[in-house]
Amino acid sequence: MKIARLLGGGAPLISFEFFPPKTEQGHASLLRTIKELKRLDPGFVSVTWGAGGSTRRRTVELTIEIHQEIGLVAMAHMTCIGSSRAQIAETLDRLARAGIENVLPLGGDQPEGYQRPADGFDYANELVEFVRSRWDFCLPGACYPETHPSAASPEQDLANLVRKVEAGVDFLITQLFFDNTDYFNCVERARSAGIGLPIVPGIMPVVSAANIRRITALCGARIPEALGARLDACGEDDRRTLEVGIAWATEQCRELLAHGAPGIHFYTLNRSPATRRIHETLI
Ligand code: FAD
C-alpha cells in the first residue's frame with residue numbers, strides 16, 4: 001500500500017518510526033514492541049537508515065520483515081550520504097522485489113571530511129529524482145519546522161524544500177519539534193511557497209533527561225520555556241520526566257490534530273509505552 005493513498009481519508013494517519021537494533025536480543029525486543037503497537041492500527045511504520053548507510057542491510061531486512069511477517073505497511077528510510085548510485089539502485093530493487101512500496105529519501109548528515117562517491121548524490125532532491133526515474137515508490141520528504149540546521153537561511157531552506165517537492169515527493173514529514181507554533185508557521189510558509197502537500201508533524205515524547213540532552217544536541221530542537229521549566233523540576237528523575245514528556249506530547253498532538261494536521265509521525269525510540277499512552281488518550 002502506498003502511504004499517500006492513506007492521507008486525506010478522514011482519519012488521521014498515525015505512524016511509528018523505529019531504528020534497526022544492533023543485536024539479536026534488541027531485534028527480538030523490537031519485534032515485541034512493534035507487535036504491541038500494531039494493536040493501535042498504525043497507517044504505517046518506518047525504519048531508519050544509519051548514518052552513512054551503516055545499517056543498510058539491517059534497515060532493508062527489518063522493513064521487509066515488518067511488511068511480510070507482521071503485516072504492517074512499512075517504509076524504509078534511505079540517505080544519499082555514503083552510498084554510490086549502484087548501491088542505492090541495488091537497495092531499491094531489493095525493496096521493490098519484496099513488495100515494499102514506500103521509501104523516505106533523505107540527504108543525511110555529512111560527517112567531517114566526507115567524500116561522496118563519484119556518482120553519488122549530495123541532496124535529497126537528487127535522490128528523489130533518481131528514484132522517480134526508475135522505480136514506482138511512494139516518496140515522502142523531510143522538512144524542518146525550525147529550519148534545517150545547516151541551511152543558509154529559512155528562505156534558502158524553503159527554496160530547497162520547493163526543489164525537493166518539484167522533484168516528486170508525495171507528502172512531507174517534519175523533524176521533531178516541541179512548540180506547535182513552529183509547525184503551524186512551517187505549514188503557512190510552505191503554503192505561501194506553493195507547496196500544497198500534506199505535512200505530517202513528527203513528535204518525540206521526552207522520555208528521560210539523557211534523551212532530551214541527546215535530542216537537542218542531535219537536531220537542535222528548541223525546548224520551549226514552559227517545557228524546560230517542567231523538565232528542570234524533574235532533575236534526573238526519569239519516571240517524572242517521562243510523565244512530563246507524555247503530558248506535553250499528548251497536548252501537542254491534540255492541538256495539532258484539532259488544527260488540521262493530517263496525522264502524527266511518532267519517533268518511538270523503539271519503545272512502546274510513551275507512544276501507546278499518548279495514542280490511547282488521543283484516539
Ligand atoms: P536535504 O533535503 O538534502 O536538505 C539538507 C540541507 O541541504 C538543508 O539545509 C537544505 O536546505 C539544503 N539543501 C537541500 N537541497 C539542496 C540543494 N539542491 N542545494 C543546496 N542545498 C540544498 N537521518 C539519517 O541518517 N537516517 C534516517 O533514517 C533519518 N530519518 C529522518 C526522518 C525524518 C522524518 C527527518 C525529518 C529527518 C531524518 N533524518 C535521518 C535526518 C536527515 O538525514 C538530516 O536532517 C539531514 O541533514 C537532511 O536530510 P534531508 O533529507 O532533509 O536533506
# chains A, B, ... in the order shown; residues from 1 in each chain; ligands from 1
$ residues_near_ligand --ligand "ligand 1" --cutoff "7 Å" --atoms "only C-alpha atoms and all ligand atoms" --output "PyMOL selection string"
chain A and resi 47-52+77-79+105-109+122-125+141-144+148-152+156-158+160-161+164+173-175+202
$ select_by_dssp --residues "segment 15-249 of chain A" --states "strand (DSSP E or B)" --output "compact mmCIF listing (two decimals) with N, CA and C atoms, in the first residue's frame"
# COMPACT_ATOMS: atom_id res chain seq x y z
N SER A 15 1.67 7.08 12.49
CA SER A 15 2.79 6.20 12.10
C SER A 15 3.85 6.18 13.20
N PHE A 16 4.64 5.10 13.17
CA PHE A 16 5.68 4.90 14.19
C PHE A 16 7.02 4.68 13.52
N GLU A 17 8.05 5.32 14.05
CA GLU A 17 9.39 5.17 13.48
C GLU A 17 10.28 4.36 14.42
N PHE A 18 11.04 3.42 13.84
CA PHE A 18 11.95 2.57 14.62
C PHE A 18 13.33 2.62 14.00
N PHE A 44 1.21 3.28 8.97
CA PHE A 44 2.46 2.67 8.52
C PHE A 44 3.49 2.76 9.62
N VAL A 45 4.57 2.00 9.46
CA VAL A 45 5.73 2.14 10.35
C VAL A 45 6.95 2.34 9.47
N SER A 46 7.97 3.01 10.02
CA SER A 46 9.15 3.25 9.19
C SER A 46 10.41 2.84 9.93
N VAL A 47 11.44 2.53 9.15
CA VAL A 47 12.71 2.05 9.71
C VAL A 47 13.83 2.97 9.25
N ALA A 74 5.07 -0.82 5.56
CA ALA A 74 6.40 -0.46 6.07
C ALA A 74 7.13 0.44 5.08
N MET A 75 7.92 1.35 5.63
CA MET A 75 8.69 2.27 4.79
C MET A 75 10.15 2.25 5.24
N ALA A 76 11.06 2.15 4.27
CA ALA A 76 12.49 2.23 4.60
C ALA A 76 12.98 3.65 4.39
N HIS A 77 13.76 4.17 5.35
CA HIS A 77 14.45 5.45 5.13
C HIS A 77 15.71 5.14 4.33
N MET A 78 16.22 6.14 3.62
CA MET A 78 17.47 5.94 2.86
C MET A 78 18.14 7.30 2.68
N THR A 79 19.40 7.39 3.04
CA THR A 79 20.10 8.67 2.81
C THR A 79 21.04 8.53 1.61
N ASN A 102 7.12 2.02 -0.19
CA ASN A 102 7.37 3.36 0.36
C ASN A 102 8.82 3.50 0.81
N VAL A 103 9.45 4.59 0.38
CA VAL A 103 10.84 4.87 0.76
C VAL A 103 10.93 6.35 1.11
N LEU A 104 11.63 6.64 2.21
CA LEU A 104 11.84 8.06 2.57
C LEU A 104 13.25 8.47 2.14
N PRO A 105 13.37 9.21 1.03
CA PRO A 105 14.70 9.60 0.53
C PRO A 105 15.20 10.84 1.28
N LEU A 106 16.41 10.71 1.83
CA LEU A 106 16.96 11.80 2.66
C LEU A 106 18.35 12.19 2.17
N CYS A 138 6.17 5.24 -3.35
CA CYS A 138 5.62 6.46 -2.75
C CYS A 138 6.77 7.10 -1.98
N PRO A 140 7.86 10.16 0.55
CA PRO A 140 7.72 11.38 1.34
C PRO A 140 9.05 12.15 1.35
N GLY A 141 9.03 13.35 1.90
CA GLY A 141 10.27 14.11 2.05
C GLY A 141 10.33 14.66 3.47
N ALA A 142 11.54 14.97 3.93
CA ALA A 142 11.70 15.53 5.28
C ALA A 142 11.62 17.06 5.22
N CYS A 143 11.03 17.66 6.25
CA CYS A 143 11.09 19.12 6.34
C CYS A 143 11.26 19.55 7.80
N PHE A 171 4.41 13.57 -0.03
CA PHE A 171 3.96 14.30 1.16
C PHE A 171 5.19 14.57 2.00
N LEU A 172 5.02 15.31 3.09
CA LEU A 172 6.18 15.69 3.90
C LEU A 172 6.00 15.21 5.34
N ILE A 173 7.12 14.87 5.97
CA ILE A 173 7.12 14.52 7.41
C ILE A 173 8.11 15.47 8.06
N THR A 174 7.73 16.04 9.20
CA THR A 174 8.62 17.03 9.81
C THR A 174 9.62 16.40 10.78
N GLN A 175 10.69 17.12 10.96
CA GLN A 175 11.59 16.87 12.08
C GLN A 175 10.80 17.06 13.37
N LEU A 176 11.26 16.44 14.46
CA LEU A 176 10.55 16.61 15.74
C LEU A 176 10.66 18.07 16.21
N ILE A 199 1.46 17.81 5.27
CA ILE A 199 2.69 17.91 6.08
C ILE A 199 2.41 17.24 7.42
N VAL A 200 2.96 16.05 7.61
CA VAL A 200 2.70 15.27 8.83
C VAL A 200 3.70 15.68 9.90
N PRO A 201 3.22 16.13 11.07
CA PRO A 201 4.15 16.52 12.12
C PRO A 201 4.82 15.33 12.78
N GLY A 202 6.11 15.45 13.07
CA GLY A 202 6.86 14.40 13.76
C GLY A 202 6.97 14.75 15.24
N ILE A 203 6.57 13.79 16.08
CA ILE A 203 6.55 14.06 17.53
C ILE A 203 7.39 13.03 18.27
$ closest_residue --among "A:Gly263, A:Gly43, A:Pro224, A:Gly245" --to "Asn211 of chain A" --atoms "only C-alpha atoms"
A:Gly245
$ select_by_dssp --residues "segment 61-273 of chain A" --states "alpha helix (DSSP H)" --output "PDB file with C-alpha atoms, in the first residue's frame"
ATOM      1  CA  GLU A  61      15.759  -6.647   6.274  1.00  0.00           C
ATOM      2  CA  LEU A  62      13.727  -5.157   9.123  1.00  0.00           C
ATOM      3  CA  THR A  63      11.477  -3.226   6.728  1.00  0.00           C
ATOM      4  CA  ILE A  64      10.808  -6.392   4.741  1.00  0.00           C
ATOM      5  CA  GLU A  65      10.206  -8.426   7.917  1.00  0.00           C
ATOM      6  CA  ARG A  85      24.375   5.089  -7.263  1.00  0.00           C
ATOM      7  CA  ALA A  86      24.803   1.316  -7.753  1.00  0.00           C
ATOM      8  CA  GLN A  87      24.307   0.616  -4.018  1.00  0.00           C
ATOM      9  CA  ILE A  88      21.202   2.781  -3.965  1.00  0.00           C
ATOM     10  CA  ALA A  89      19.814   1.065  -7.067  1.00  0.00           C
ATOM     11  CA  GLU A  90      20.511  -2.390  -5.653  1.00  0.00           C
ATOM     12  CA  THR A  91      18.761  -1.490  -2.384  1.00  0.00           C
ATOM     13  CA  LEU A  92      15.744  -0.043  -4.173  1.00  0.00           C
ATOM     14  CA  ASP A  93      15.498  -3.145  -6.390  1.00  0.00           C
ATOM     15  CA  ARG A  94      15.590  -5.396  -3.343  1.00  0.00           C
ATOM     16  CA  LEU A  95      12.888  -3.386  -1.555  1.00  0.00           C
ATOM     17  CA  ALA A  96      10.674  -3.351  -4.651  1.00  0.00           C
ATOM     18  CA  ARG A  97      11.078  -7.106  -5.184  1.00  0.00           C
ATOM     19  CA  ALA A 124      17.585  14.583  -1.110  1.00  0.00           C
ATOM     20  CA  ASN A 125      16.087  16.223  -4.216  1.00  0.00           C
ATOM     21  CA  GLU A 126      18.717  14.428  -6.363  1.00  0.00           C
ATOM     22  CA  LEU A 127      17.856  11.109  -4.752  1.00  0.00           C
ATOM     23  CA  VAL A 128      14.138  11.759  -5.294  1.00  0.00           C
ATOM     24  CA  GLU A 129      14.789  12.401  -8.999  1.00  0.00           C
ATOM     25  CA  PHE A 130      16.858   9.233  -9.263  1.00  0.00           C
ATOM     26  CA  VAL A 131      14.180   7.080  -7.592  1.00  0.00           C
ATOM     27  CA  ARG A 132      11.464   8.622  -9.749  1.00  0.00           C
ATOM     28  CA  SER A 133      13.460   7.834 -12.902  1.00  0.00           C
ATOM     29  CA  ARG A 134      13.222   4.039 -12.461  1.00  0.00           C
ATOM     30  CA  PRO A 154      15.000  29.925   6.426  1.00  0.00           C
ATOM     31  CA  GLU A 155      14.281  31.352   2.944  1.00  0.00           C
ATOM     32  CA  GLN A 156      17.002  29.189   1.387  1.00  0.00           C
ATOM     33  CA  ASP A 157      15.729  26.133   3.262  1.00  0.00           C
ATOM     34  CA  LEU A 158      12.232  26.785   1.916  1.00  0.00           C
ATOM     35  CA  ALA A 159      13.577  27.213  -1.638  1.00  0.00           C
ATOM     36  CA  ASN A 160      15.376  23.858  -1.258  1.00  0.00           C
ATOM     37  CA  LEU A 161      12.175  22.271   0.032  1.00  0.00           C
ATOM     38  CA  VAL A 162      10.319  23.546  -3.043  1.00  0.00           C
ATOM     39  CA  ARG A 163      13.046  21.973  -5.200  1.00  0.00           C
ATOM     40  CA  LYS A 164      12.574  18.640  -3.387  1.00  0.00           C
ATOM     41  CA  VAL A 165       8.792  18.806  -3.797  1.00  0.00           C
ATOM     42  CA  GLU A 166       9.189  19.582  -7.501  1.00  0.00           C
ATOM     43  CA  ALA A 167      11.486  16.568  -7.836  1.00  0.00           C
ATOM     44  CA  ASN A 180       3.410  23.708  17.762  1.00  0.00           C
ATOM     45  CA  THR A 181       3.785  27.315  16.632  1.00  0.00           C
ATOM     46  CA  ASP A 182       6.877  26.181  14.722  1.00  0.00           C
ATOM     47  CA  TYR A 183       4.785  23.590  12.859  1.00  0.00           C
ATOM     48  CA  PHE A 184       1.914  25.975  12.099  1.00  0.00           C
ATOM     49  CA  ASN A 185       4.368  28.616  10.802  1.00  0.00           C
ATOM     50  CA  CYS A 186       6.149  25.985   8.721  1.00  0.00           C
ATOM     51  CA  VAL A 187       2.858  24.921   7.098  1.00  0.00           C
ATOM     52  CA  GLU A 188       1.991  28.544   6.392  1.00  0.00           C
ATOM     53  CA  ARG A 189       5.418  29.220   4.812  1.00  0.00           C
ATOM     54  CA  ALA A 190       5.124  26.062   2.707  1.00  0.00           C
ATOM     55  CA  ARG A 191       1.630  27.026   1.513  1.00  0.00           C
ATOM     56  CA  SER A 192       2.754  30.532   0.609  1.00  0.00           C
ATOM     57  CA  ALA A 209      16.879  13.560  30.977  1.00  0.00           C
ATOM     58  CA  ALA A 210      19.585  11.826  28.911  1.00  0.00           C
ATOM     59  CA  ASN A 211      17.188  11.517  25.989  1.00  0.00           C
ATOM     60  CA  ILE A 212      16.408  15.226  25.943  1.00  0.00           C
ATOM     61  CA  ARG A 213      20.111  16.106  26.011  1.00  0.00           C
ATOM     62  CA  ARG A 214      20.699  13.744  23.084  1.00  0.00           C
ATOM     63  CA  ILE A 215      17.808  15.110  21.041  1.00  0.00           C
ATOM     64  CA  THR A 216      18.719  18.730  21.428  1.00  0.00           C
ATOM     65  CA  ALA A 217      22.388  18.035  20.669  1.00  0.00           C
ATOM     66  CA  LEU A 218      21.469  15.975  17.615  1.00  0.00           C
ATOM     67  CA  CYS A 219      18.885  18.074  15.844  1.00  0.00           C
ATOM     68  CA  GLU A 225      10.442  27.681  28.322  1.00  0.00           C
ATOM     69  CA  ALA A 226       7.359  26.076  29.850  1.00  0.00           C
ATOM     70  CA  LEU A 227       8.570  22.565  28.964  1.00  0.00           C
ATOM     71  CA  GLY A 228      12.129  23.383  30.060  1.00  0.00           C
ATOM     72  CA  ALA A 229      10.884  24.502  33.488  1.00  0.00           C
ATOM     73  CA  ARG A 230       8.851  21.325  33.944  1.00  0.00           C
ATOM     74  CA  LEU A 231      11.783  19.145  32.903  1.00  0.00           C
ATOM     75  CA  ASP A 232      14.185  21.041  35.167  1.00  0.00           C
ATOM     76  CA  ALA A 233      11.856  20.374  38.090  1.00  0.00           C
ATOM     77  CA  CYS A 234      12.246  16.619  37.438  1.00  0.00           C
ATOM     78  CA  ASP A 238      13.333   9.680  34.729  1.00  0.00           C
ATOM     79  CA  ARG A 239       9.947   8.463  35.952  1.00  0.00           C
ATOM     80  CA  ARG A 240       8.762  12.044  36.486  1.00  0.00           C
ATOM     81  CA  THR A 241      10.436  13.202  33.266  1.00  0.00           C
ATOM     82  CA  LEU A 242       8.539  10.534  31.348  1.00  0.00           C
ATOM     83  CA  GLU A 243       5.224  11.763  32.796  1.00  0.00           C
ATOM     84  CA  VAL A 244       6.044  15.358  31.805  1.00  0.00           C
ATOM     85  CA  GLY A 245       7.127  14.188  28.336  1.00  0.00           C
ATOM     86  CA  ILE A 246       3.932  12.208  27.785  1.00  0.00           C
ATOM     87  CA  ALA A 247       1.689  15.032  29.001  1.00  0.00           C
ATOM     88  CA  TRP A 248       3.467  17.587  26.778  1.00  0.00           C
ATOM     89  CA  ALA A 249       3.414  15.393  23.650  1.00  0.00           C
ATOM     90  CA  THR A 250      -0.248  14.479  24.221  1.00  0.00           C
ATOM     91  CA  GLU A 251      -1.195  18.158  24.344  1.00  0.00           C
ATOM     92  CA  GLN A 252       0.899  18.829  21.242  1.00  0.00           C
ATOM     93  CA  CYS A 253      -0.814  16.023  19.319  1.00  0.00           C
ATOM     94  CA  ARG A 254      -4.284  17.044  20.450  1.00  0.00           C
ATOM     95  CA  GLU A 255      -3.756  20.626  19.288  1.00  0.00           C
ATOM     96  CA  LEU A 256      -2.107  19.602  16.019  1.00  0.00           C
ATOM     97  CA  LEU A 257      -4.950  17.270  15.057  1.00  0.00           C
ATOM     98  CA  ALA A 258      -7.591  19.783  16.156  1.00  0.00           C
ATOM     99  CA  PRO A 273       4.827   2.728  26.485  1.00  0.00           C
TER     100      PRO A 273
END
$ closest_residue --among "A:Lys22, A:Ile278, A:Leu72, A:Ser84" --to "Thr59 of chain A" --atoms "only C-alpha atoms"
A:Lys22
$ closest_residue --among "A:Ile34, A:Leu269, A:Ala118, A:Ile66" --to "Ser83 of chain A" --atoms "only C-alpha atoms"
A:Ala118
$ decode --residues "segment 191-204 of chain A" --atoms "N, CA, C and O atoms" --output "PDB file, in the first residue's frame"
ATOM      1  N   ARG A 191       2.795  26.696   2.345  1.00  0.00           N
ATOM      2  CA  ARG A 191       1.630  27.026   1.513  1.00  0.00           C
ATOM      3  C   ARG A 191       1.897  28.294   0.715  1.00  0.00           C
ATOM      4  O   ARG A 191       1.544  28.377  -0.466  1.00  0.00           O
ATOM      5  N   SER A 192       2.537  29.275   1.348  1.00  0.00           N
ATOM      6  CA  SER A 192       2.754  30.532   0.609  1.00  0.00           C
ATOM      7  C   SER A 192       3.817  30.343  -0.475  1.00  0.00           C
ATOM      8  O   SER A 192       3.899  31.133  -1.404  1.00  0.00           O
ATOM      9  N   ALA A 193       4.618  29.269  -0.367  1.00  0.00           N
ATOM     10  CA  ALA A 193       5.596  28.982  -1.432  1.00  0.00           C
ATOM     11  C   ALA A 193       4.996  28.048  -2.485  1.00  0.00           C
ATOM     12  O   ALA A 193       5.698  27.585  -3.376  1.00  0.00           O
ATOM     13  N   GLY A 194       3.709  27.751  -2.346  1.00  0.00           N
ATOM     14  CA  GLY A 194       3.030  26.934  -3.363  1.00  0.00           C
ATOM     15  C   GLY A 194       3.064  25.441  -3.094  1.00  0.00           C
ATOM     16  O   GLY A 194       2.687  24.646  -3.952  1.00  0.00           O
ATOM     17  N   ILE A 195       3.526  25.042  -1.889  1.00  0.00           N
ATOM     18  CA  ILE A 195       3.538  23.608  -1.565  1.00  0.00           C
ATOM     19  C   ILE A 195       2.177  23.231  -0.982  1.00  0.00           C
ATOM     20  O   ILE A 195       1.813  23.701   0.098  1.00  0.00           O
ATOM     21  N   GLY A 196       1.459  22.385  -1.707  1.00  0.00           N
ATOM     22  CA  GLY A 196       0.118  22.028  -1.234  1.00  0.00           C
ATOM     23  C   GLY A 196       0.064  20.653  -0.587  1.00  0.00           C
ATOM     24  O   GLY A 196      -0.985  20.194  -0.169  1.00  0.00           O
ATOM     25  N   LEU A 197       1.213  19.959  -0.483  1.00  0.00           N
ATOM     26  CA  LEU A 197       1.230  18.576   0.011  1.00  0.00           C
ATOM     27  C   LEU A 197       0.889  18.485   1.495  1.00  0.00           C
ATOM     28  O   LEU A 197       1.181  19.421   2.256  1.00  0.00           O
ATOM     29  N   PRO A 198       0.320  17.339   1.920  1.00  0.00           N
ATOM     30  CA  PRO A 198       0.112  17.140   3.362  1.00  0.00           C
ATOM     31  C   PRO A 198       1.460  17.192   4.094  1.00  0.00           C
ATOM     32  O   PRO A 198       2.459  16.669   3.592  1.00  0.00           O
ATOM     33  N   ILE A 199       1.463  17.809   5.271  1.00  0.00           N
ATOM     34  CA  ILE A 199       2.695  17.909   6.078  1.00  0.00           C
ATOM     35  C   ILE A 199       2.408  17.240   7.424  1.00  0.00           C
ATOM     36  O   ILE A 199       1.673  17.782   8.253  1.00  0.00           O
ATOM     37  N   VAL A 200       2.963  16.046   7.607  1.00  0.00           N
ATOM     38  CA  VAL A 200       2.696  15.274   8.827  1.00  0.00           C
ATOM     39  C   VAL A 200       3.702  15.676   9.903  1.00  0.00           C
ATOM     40  O   VAL A 200       4.915  15.577   9.687  1.00  0.00           O
ATOM     41  N   PRO A 201       3.217  16.135  11.068  1.00  0.00           N
ATOM     42  CA  PRO A 201       4.150  16.524  12.122  1.00  0.00           C
ATOM     43  C   PRO A 201       4.823  15.326  12.777  1.00  0.00           C
ATOM     44  O   PRO A 201       4.185  14.293  12.993  1.00  0.00           O
ATOM     45  N   GLY A 202       6.110  15.455  13.071  1.00  0.00           N
ATOM     46  CA  GLY A 202       6.859  14.401  13.757  1.00  0.00           C
ATOM     47  C   GLY A 202       6.975  14.747  15.238  1.00  0.00           C
ATOM     48  O   GLY A 202       7.394  15.843  15.595  1.00  0.00           O
ATOM     49  N   ILE A 203       6.572  13.791  16.081  1.00  0.00           N
ATOM     50  CA  ILE A 203       6.548  14.056  17.530  1.00  0.00           C
ATOM     51  C   ILE A 203       7.387  13.030  18.273  1.00  0.00           C
ATOM     52  O   ILE A 203       7.248  11.823  18.046  1.00  0.00           O
ATOM     53  N   MET A 204       8.253  13.527  19.153  1.00  0.00           N
ATOM     54  CA  MET A 204       9.004  12.613  20.019  1.00  0.00           C
ATOM     55  C   MET A 204       8.753  13.003  21.475  1.00  0.00           C
ATOM     56  O   MET A 204       9.154  14.078  21.904  1.00  0.00           O
TER      57      MET A 204
END
